[in-house]
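Coordinates as given in coords.tsv (TSV, C-alpha atoms):
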```tsv
chain	number	residue	atom	x	y	z
S	3	MET	CA	106.59	144.29	86.06
S	4	LYS	CA	104.53	145.04	82.96
S	5	GLY	CA	101.50	142.94	82.22
S	6	GLU	CA	100.87	139.57	83.64
S	7	ASN	CA	102.90	136.43	83.25
S	8	TYR	CA	101.69	132.87	83.53
S	9	MET	CA	102.68	129.28	82.86
S	10	GLN	CA	101.00	125.91	82.75
S	11	LEU	CA	102.33	122.37	83.12
S	12	GLU	CA	100.66	119.06	82.53
S	13	PHE	CA	102.24	115.75	83.50
S	14	PRO	CA	101.28	112.20	84.50
S	15	SER	CA	100.87	111.49	88.22
S	16	ARG	CA	104.25	109.79	88.60
S	17	SER	CA	106.14	110.54	91.80
S	18	ALA	CA	109.31	111.40	89.85
S	19	ASN	CA	107.43	114.53	88.71
S	20	GLU	CA	107.10	115.92	92.27
S	21	SER	CA	110.55	117.48	92.20
S	22	PHE	CA	110.05	118.65	88.61
S	23	ALA	CA	106.78	120.44	89.50
S	24	ARG	CA	108.10	122.25	92.60
S	25	SER	CA	111.33	123.24	90.82
S	26	ALA	CA	109.41	124.57	87.80
S	27	VAL	CA	107.10	126.72	89.94
S	28	SER	CA	110.06	127.90	91.99
S	29	CYS	CA	111.94	128.93	88.81
S	30	PHE	CA	108.84	130.75	87.55
S	31	ALA	CA	108.50	132.53	90.91
S	32	ALA	CA	112.12	133.71	90.70
S	33	GLN	CA	111.05	136.76	88.62
S	34	LEU	CA	109.35	138.15	91.75
S	35	ASP	CA	112.75	138.18	93.45
S	36	PRO	CA	111.64	136.11	96.45
S	37	THR	CA	113.84	135.34	99.44
S	38	LEU	CA	115.13	131.80	99.95
S	39	ASP	CA	112.59	131.47	102.73
S	40	GLU	CA	109.70	132.47	100.44
S	41	LEU	CA	110.94	130.10	97.72
S	42	GLY	CA	111.16	127.31	100.28
S	43	ASP	CA	107.53	127.90	101.30
S	44	ILE	CA	106.36	127.88	97.67
S	45	LYS	CA	108.29	124.70	96.84
S	46	THR	CA	106.92	122.97	99.93
S	47	ALA	CA	103.30	123.92	99.19
S	48	VAL	CA	103.55	122.82	95.53
S	49	SER	CA	105.19	119.57	96.59
S	50	GLU	CA	102.32	118.87	99.02
S	51	ALA	CA	99.62	119.65	96.44
S	52	VAL	CA	101.21	117.54	93.69
S	53	THR	CA	101.91	114.66	96.10
S	54	ASN	CA	98.23	114.66	97.11
S	55	CYS	CA	97.24	114.25	93.43
S	56	ILE	CA	99.68	111.35	93.04
S	57	VAL	CA	98.82	109.57	96.31
S	58	HIS	CA	95.13	110.33	96.75
S	59	ALA	CA	93.54	111.51	93.47
S	60	TYR	CA	94.90	108.62	91.42
S	61	PRO	CA	95.57	105.84	93.96
S	62	ASP	CA	95.47	102.95	91.48
S	63	GLU	CA	96.11	104.60	88.13
S	64	ILE	CA	98.22	107.22	86.44
S	65	GLY	CA	96.21	110.35	85.70
S	66	THR	CA	96.90	113.90	84.62
S	67	VAL	CA	98.08	116.62	86.99
S	68	ILE	CA	97.87	120.26	85.91
S	69	VAL	CA	99.90	122.98	87.58
S	70	LYS	CA	99.32	126.62	86.70
S	71	ALA	CA	101.17	129.61	88.05
S	72	LYS	CA	100.43	133.25	87.45
S	73	ILE	CA	101.86	136.58	88.55
S	74	LEU	CA	99.15	138.86	89.91
S	75	PRO	CA	99.55	142.60	90.64
S	76	ASP	CA	101.29	143.56	93.90
S	77	HIS	CA	103.82	140.72	93.69
S	78	VAL	CA	101.39	137.90	94.30
S	79	LEU	CA	102.08	134.42	92.98
S	80	ASP	CA	98.91	132.51	92.17
S	81	ILE	CA	99.18	128.72	91.98
S	82	VAL	CA	96.56	126.18	90.89
S	83	VAL	CA	97.08	122.41	91.16
S	84	LYS	CA	94.33	120.39	89.56
S	85	ASP	CA	93.52	116.73	88.98
S	86	ARG	CA	90.66	114.77	87.45
S	87	GLY	CA	90.92	112.03	90.03
S	88	CYS	CA	88.61	110.47	92.60
S	89	GLY	CA	87.91	113.64	94.61
S	90	ILE	CA	87.66	114.08	98.38
S	91	PRO	CA	84.38	112.96	100.00
S	92	ASP	CA	84.91	114.95	103.22
S	93	ILE	CA	87.10	118.04	102.84
S	94	GLU	CA	86.75	119.15	106.48
S	95	GLN	CA	88.13	115.80	107.62
S	96	ALA	CA	90.95	115.96	105.05
S	97	ARG	CA	91.98	119.40	106.35
S	98	LYS	CA	92.49	118.16	109.91
S	99	PRO	CA	96.16	118.01	110.95
S	100	MET	CA	97.48	114.43	111.16
S	101	PHE	CA	94.45	113.02	109.32
S	102	THR	CA	95.45	110.80	106.41
S	103	THR	CA	94.10	107.94	104.38
S	104	GLY	CA	97.62	107.37	103.07
S	105	GLY	CA	98.85	104.98	105.77
S	106	GLU	CA	102.18	104.99	107.63
S	107	ASP	CA	104.09	106.59	104.76
S	108	ARG	CA	102.14	109.81	105.04
S	109	SER	CA	102.07	112.33	107.89
S	110	GLY	CA	98.64	113.88	107.29
S	111	MET	CA	100.23	117.34	107.41
S	112	GLY	CA	100.07	118.27	103.70
S	113	ILE	CA	97.00	120.51	103.78
S	114	THR	CA	97.99	122.07	107.13
S	115	ILE	CA	101.37	123.01	105.64
S	116	MET	CA	99.84	124.49	102.48
S	117	GLU	CA	97.45	126.54	104.63
S	118	SER	CA	100.14	127.87	106.90
S	119	PHE	CA	102.86	128.48	104.26
S	120	MET	CA	100.63	130.30	101.75
S	121	THR	CA	98.83	133.65	102.09
S	122	GLU	CA	95.59	132.17	100.73
S	123	PHE	CA	94.49	128.56	100.35
S	124	ARG	CA	91.31	127.14	98.85
S	125	ILE	CA	90.40	123.57	98.02
S	126	THR	CA	87.40	122.43	96.02
S	127	SER	CA	86.60	118.84	95.23
S	128	THR	CA	83.86	116.82	93.56
S	129	PRO	CA	83.92	113.09	94.24
S	130	GLY	CA	84.46	111.25	90.96
S	131	LYS	CA	85.42	114.45	89.13
S	132	GLY	CA	88.58	115.75	90.75
S	133	THR	CA	90.15	118.26	93.11
S	134	THR	CA	91.51	121.77	92.66
S	135	VAL	CA	93.85	123.48	95.07
S	136	HIS	CA	94.18	127.24	94.64
S	137	MET	CA	96.90	129.05	96.57
S	138	LYS	CA	98.30	132.55	96.62
S	139	ARG	CA	101.53	133.78	98.09
S	140	LYS	CA	102.42	137.43	98.47
S	141	ILE	CA	106.10	138.06	97.84
S	142	ILE	CA	107.45	140.88	99.96
S	143	CYS	CA	108.85	143.64	97.76
S	144	ARG	CA	112.39	144.34	98.93
S	145	GLY	CA	113.02	147.38	96.76
S	146	GLY	CA	115.05	147.65	93.58
S	147	LYS	CA	113.79	147.43	90.01
S	148	ARG	CA	111.23	144.81	89.11
F	165	MET	CA	120.52	106.27	96.81
F	166	LYS	CA	122.24	104.68	99.85
F	167	LEU	CA	122.18	106.57	103.13
F	168	THR	CA	125.46	106.91	104.96
F	169	SER	CA	125.41	105.86	108.57
F	170	TYR	CA	127.80	105.47	111.48
F	171	VAL	CA	127.50	103.24	114.53
F	172	GLN	CA	129.39	103.45	117.79
F	173	ASP	CA	128.42	102.18	121.25
F	174	ARG	CA	124.82	101.51	120.16
F	175	LEU	CA	124.51	105.05	118.84
F	176	LEU	CA	123.38	105.06	115.21
F	177	THR	CA	123.86	108.24	113.19
F	178	VAL	CA	122.15	108.42	109.81
F	179	ALA	CA	123.02	111.23	107.40
F	180	LEU	CA	119.99	112.22	105.34
F	181	THR	CA	120.75	113.84	101.99
F	182	GLY	CA	119.23	115.72	99.06
F	183	GLU	CA	115.50	116.22	98.65
F	184	ILE	CA	113.13	114.28	100.91
F	185	ASP	CA	109.73	113.97	99.26
F	186	HIS	CA	107.09	111.28	98.73
F	187	HIS	CA	109.10	109.91	95.79
F	188	ARG	CA	112.05	109.05	98.06
F	189	ALA	CA	110.42	108.68	101.48
F	190	ARG	CA	109.52	105.01	101.33
F	191	GLN	CA	113.05	104.04	100.31
F	192	ILE	CA	114.55	106.22	103.07
F	193	MET	CA	112.23	104.65	105.68
F	194	ALA	CA	113.14	101.15	104.49
F	195	GLN	CA	116.86	101.92	104.79
F	196	ILE	CA	116.48	103.41	108.27
F	197	THR	CA	114.40	100.38	109.35
F	198	GLU	CA	117.07	98.04	108.06
F	199	LYS	CA	119.82	99.89	109.96
F	200	ILE	CA	117.83	100.04	113.21
F	201	ASP	CA	116.88	96.36	112.95
F	202	SER	CA	120.46	95.28	112.40
F	203	TYR	CA	122.21	97.51	114.97
F	204	LEU	CA	119.45	97.76	117.65
F	205	PRO	CA	120.71	101.18	118.78
F	206	LEU	CA	119.78	102.84	122.08
F	207	ARG	CA	120.09	106.23	120.46
F	208	CYS	CA	119.50	107.21	116.85
F	209	ILE	CA	120.58	110.54	115.39
F	210	LEU	CA	119.10	111.75	112.11
F	211	ASP	CA	121.43	114.34	110.65
F	212	PHE	CA	119.77	116.86	108.29
F	213	GLN	CA	122.88	118.83	107.33
F	214	GLU	CA	122.84	117.70	103.68
F	215	VAL	CA	119.06	117.95	103.21
F	216	ARG	CA	118.35	120.53	100.50
F	217	PHE	CA	114.56	120.26	100.56
F	218	MET	CA	111.96	118.43	102.62
F	219	ASP	CA	108.15	118.33	102.50
F	220	SER	CA	105.71	116.60	104.85
F	221	SER	CA	107.05	113.22	103.69
F	222	GLY	CA	110.04	114.03	105.91
F	223	ILE	CA	107.68	114.29	108.90
F	224	ALA	CA	106.53	110.74	108.13
F	225	VAL	CA	110.19	109.63	108.00
F	226	VAL	CA	110.83	111.15	111.46
F	227	LEU	CA	107.64	109.67	112.95
F	228	HIS	CA	108.49	106.27	111.48
F	229	THR	CA	111.99	106.40	112.99
F	230	LEU	CA	110.55	107.58	116.31
F	231	ARG	CA	108.16	104.58	116.41
F	232	LYS	CA	111.03	102.20	115.65
F	233	MET	CA	113.19	103.72	118.42
F	234	ARG	CA	110.34	103.75	120.96
F	235	ALA	CA	109.76	100.05	120.27
F	236	LEU	CA	113.40	99.52	121.33
F	237	GLN	CA	112.93	101.92	124.25
F	238	GLY	CA	115.58	104.05	122.64
F	239	LYS	CA	115.85	107.77	121.90
F	240	LEU	CA	115.72	109.76	118.69
F	241	VAL	CA	117.67	112.98	118.18
F	242	LEU	CA	117.46	115.29	115.16
F	243	GLN	CA	120.47	117.44	114.40
F	244	ASN	CA	121.84	120.08	112.01
F	245	ILE	CA	118.45	120.96	110.56
F	246	PRO	CA	118.60	123.70	107.88
F	247	PRO	CA	115.87	126.41	107.93
F	248	GLN	CA	113.55	124.93	105.25
F	249	PRO	CA	113.26	121.42	106.74
F	250	TYR	CA	113.09	122.97	110.21
F	251	LYS	CA	110.04	125.02	109.23
F	252	VAL	CA	108.26	121.89	107.96
F	253	LEU	CA	109.13	119.88	111.10
F	254	HIS	CA	108.09	122.79	113.30
F	255	ALA	CA	104.66	122.96	111.54
F	256	ALA	CA	104.07	119.42	112.79
F	257	GLY	CA	105.33	120.20	116.32
F	258	ILE	CA	108.14	117.66	116.02
F	259	GLU	CA	110.23	119.52	118.60
F	260	LYS	CA	107.61	118.51	121.20
F	261	ILE	CA	108.10	114.80	120.65
F	262	THR	CA	111.79	114.41	119.81
F	263	GLU	CA	115.00	115.96	120.94
F	264	ILE	CA	116.51	118.58	118.63
F	265	LYS	CA	120.12	119.44	119.31
F	266	GLU	CA	120.45	123.12	120.30
F	267	GLU	CA	123.24	124.04	117.96
F	268	CYS	CA	121.28	123.03	114.87
F	269	MET	CA	118.49	125.57	115.12
F	270	PRO	CA	118.47	128.00	112.17
```
Can you give me the file's structure in the form of structure tokens?
Amino acid sequence: MKGENYMQLEFPSRSANESFARSAVSCFAAQLDPTLDELGDIKTAVSEAVTNCIVHAYPDEIGTVIVKAKILPDHVLDIVVKDRGCGIPDIEQARKPMFTTGGEDRSGMGITIMESFMTEFRITSTPGKGTTVHMKRKIICRGGKR
Amino acid sequence: MKLTSYVQDRLLTVALTGEIDHHRARQIMAQITEKIDSYLPLRCILDFQEVRFMDSSGIAVVLHTLRKMRALQGKLVLQNIPPQPYKVLHAAGIEKITEIKEECMP
């Protein structure tokens, strides 16, 4: 693939946009010729990141969610999910499996799933300013023209 | 969207469909609760055959159903789980706390 391709989405933190966001990133990723399994992992990770913005970053208001995706050399998909919400006071606690502040509706597995389904995962947060999740997923090259 | 279910001899089978995410999870949980509360089953089967996508919200749906069934001293079985939802459930170790029917493994 020549050069680098990228896309950016911005949408309000409404839960109806969860499926839109994961489908959009999955369509963008299609140019890397991923397997169904790889696409499933990407959709799941994006769904978790966007859901966290909706549930946790903006608990009592509708705010802006930004999703960026980029193709890096060597068939790597780079995904950034960003909000300007309330931030996470204790990231280490938030990363623990089964930990949630979301109540019975939530499983507390979102971050664990993003970490295990993606090749790289980074989360930075400033209370009062917002949270950024940065993930990379290497797509295995299965031959043929790109 | 209404969930289809089937009851026989205090066995409740609920067919989950489409995409299970945070947007739909609360409604799905409410419908399962309503069915369990009205039929008081001894066994509940959640069928994943028609599930096209599931994120961790689906784990919460399973845990919620498991709590409801345990309160009735009943059992929960998951069946016909396609590969993508299976991977998500497996990440949470769901197979350690509920029964998954053999033939449904990917």
Fill in the blank from the handout: Between S:Arg16, S:His77, S:Lys98, S:Lys45, smallest distance to Phe217 of chain F by only C-alpha atoms belongs to S:Lys45
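Atom pair atom CA of Ile64 of chain S / atom CA of Met193 of chain F has a distance of 23.9 Å (rounded to one decimal).
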What are the nearest atom pairs, with distances in Å to one decimal, for all residues of chain F that come at most 12 Å from chain S, using all atoms listed in the file, set out by chain and rising residue number as CSV?
```
residue,atom,partner,partner_atom,distance
F:Gly182,CA,S:Ser21,CA,11.2
F:Glu183,CA,S:Ser21,CA,8.2
F:Ile184,CA,S:Ser21,CA,9.6
F:Asp185,CA,S:Ser49,CA,7.7
F:His186,CA,S:Thr53,CA,6.7
F:His187,CA,S:Ser17,CA,5.0
F:Arg188,CA,S:Ser17,CA,8.7
F:Ala189,CA,S:Asp107,CA,7.4
F:Arg190,CA,S:Asp107,CA,6.6
F:Gln191,CA,S:Asp107,CA,10.3
F:Ile192,CA,S:Asp107,CA,10.6
F:Met193,CA,S:Asp107,CA,8.4
F:Ala194,CA,S:Asp107,CA,10.6
F:Arg216,CA,S:Gly42,CA,9.9
F:Phe217,CA,S:Gly42,CA,7.8
F:Met218,CA,S:Thr46,CA,7.3
F:Asp219,CA,S:Thr46,CA,5.4
F:Ser220,CA,S:Gly112,CA,6.0
F:Ser221,CA,S:Arg108,CA,6.1
F:Gly222,CA,S:Ser109,CA,8.4
F:Ile223,CA,S:Ser109,CA,6.0
F:Ala224,CA,S:Ser109,CA,4.7
F:Val225,CA,S:Asp107,CA,7.5
F:Val226,CA,S:Ser109,CA,9.5
F:Leu227,CA,S:Ser109,CA,8.0
F:His228,CA,S:Glu106,CA,7.5
F:Thr229,CA,S:Glu106,CA,11.3
F:Arg231,CA,S:Glu106,CA,10.6
F:Pro246,CA,S:Asp39,CA,11.1
F:Pro247,CA,S:Asp39,CA,8.0
F:Gln248,CA,S:Gly42,CA,6.0
F:Pro249,CA,S:Gly42,CA,9.0
F:Tyr250,CA,S:Gly42,CA,11.0
F:Lys251,CA,S:Asp43,CA,8.8
F:Val252,CA,S:Ile115,CA,7.4
F:Leu253,CA,S:Met111,CA,10.0
F:His254,CA,S:Ile115,CA,10.2
F:Ala255,CA,S:Ile115,CA,6.8
F:Ala256,CA,S:Met111,CA,6.9
F:Gly257,CA,S:Met111,CA,10.7
F:Ile258,CA,S:Ser109,CA,11.5
F:Pro270,CA,S:Asp39,CA,11.7
```
Practice task
Name the residues, using the chain letters and numbers of the file, that sit within 12 Å of (86.8, 109.9, 88.5) when counting all atoms listed in the file, and give them as a VMD selection string.
Solution key: chain S and resid 58 to 66 85 to 90 127 to 133
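Between atom CA of Ser169 of chain F and atom CA of Ile209 of chain F the separation is 9.6 Å.
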Excluding Val27 of chain S and any residue of its chain fewer than 4 positions from it, enumerate the residues within 7 Å of it, using only C-alpha atoms, and give them as an mmCIF file with C-alpha atoms, keeping the file's coordinate frame.
```
data_model
loop_
_atom_site.group_PDB
_atom_site.id
_atom_site.type_symbol
_atom_site.label_atom_id
_atom_site.label_comp_id
_atom_site.auth_asym_id
_atom_site.auth_seq_id
_atom_site.Cartn_x
_atom_site.Cartn_y
_atom_site.Cartn_z
ATOM 1 C CA ALA S 23 106.780 120.440 89.500
ATOM 2 C CA ALA S 31 108.500 132.530 90.910
ATOM 3 C CA ALA S 71 101.170 129.610 88.050
#
```
Practice task
Can you pull out every residue within 8 Å of Val241 of chain F, counting all atoms listed in the file, but drop anything in the same chain fewer than 4 positions away, and send it as number ranges by chain?
Solution key: F: 207-210, 262-265
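Candidate residues S:Glu122, S:Leu11, S:Gln33, S:Met116 were compared for distance to Ile73 of chain S, and the nearest is S:Gln33, using all atoms listed in the file.
For the pair atom CA of Lys260 of chain F and atom CA of Asp201 of chain F, the interatomic distance is 25.4 Å.
These residues, each with an atom at most 6 Å from (119.1, 114.6, 105.9) using only C-alpha atoms, are Ala179, Leu180, Thr181, Asp211, Phe212, Gln213, Glu214 and Val215 of chain F.
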Using C-alpha atoms, can you write the selected residues to a file as a PDB file, in the frame of the given file?
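Result file result_14.pdb:
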```pdb
ATOM      1  CA  ALA F 179     123.020 111.230 107.400  1.00  0.00           C
ATOM      2  CA  LEU F 180     119.990 112.220 105.340  1.00  0.00           C
ATOM      3  CA  THR F 181     120.750 113.840 101.990  1.00  0.00           C
ATOM      4  CA  ASP F 211     121.430 114.340 110.650  1.00  0.00           C
ATOM      5  CA  PHE F 212     119.770 116.860 108.290  1.00  0.00           C
ATOM      6  CA  GLN F 213     122.880 118.830 107.330  1.00  0.00           C
ATOM      7  CA  GLU F 214     122.840 117.700 103.680  1.00  0.00           C
ATOM      8  CA  VAL F 215     119.060 117.950 103.210  1.00  0.00           C
TER       9      VAL F 215
END
```
Exercise for the section: Fewer than 6 positions away in the same chain doesn't count, so skip those; otherwise give me all residues within 8 Å of Ile81 of chain S, counting all atoms listed in the file, as a VMD selection string. Expected result: chain S and resid 69 to 72 136 to 138
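Using only C-alpha atoms, the nearest neighbour of Leu230 of chain F within the list F:Tyr203, F:Arg174, F:Gln195, F:Leu242 is F:Leu242.
Each of F:Leu204, F:Ile245, F:Met233, F:Leu240 was checked against Gln172 of chain F using all atoms listed in the file; the smallest atom-to-atom distance is that of F:Leu204.
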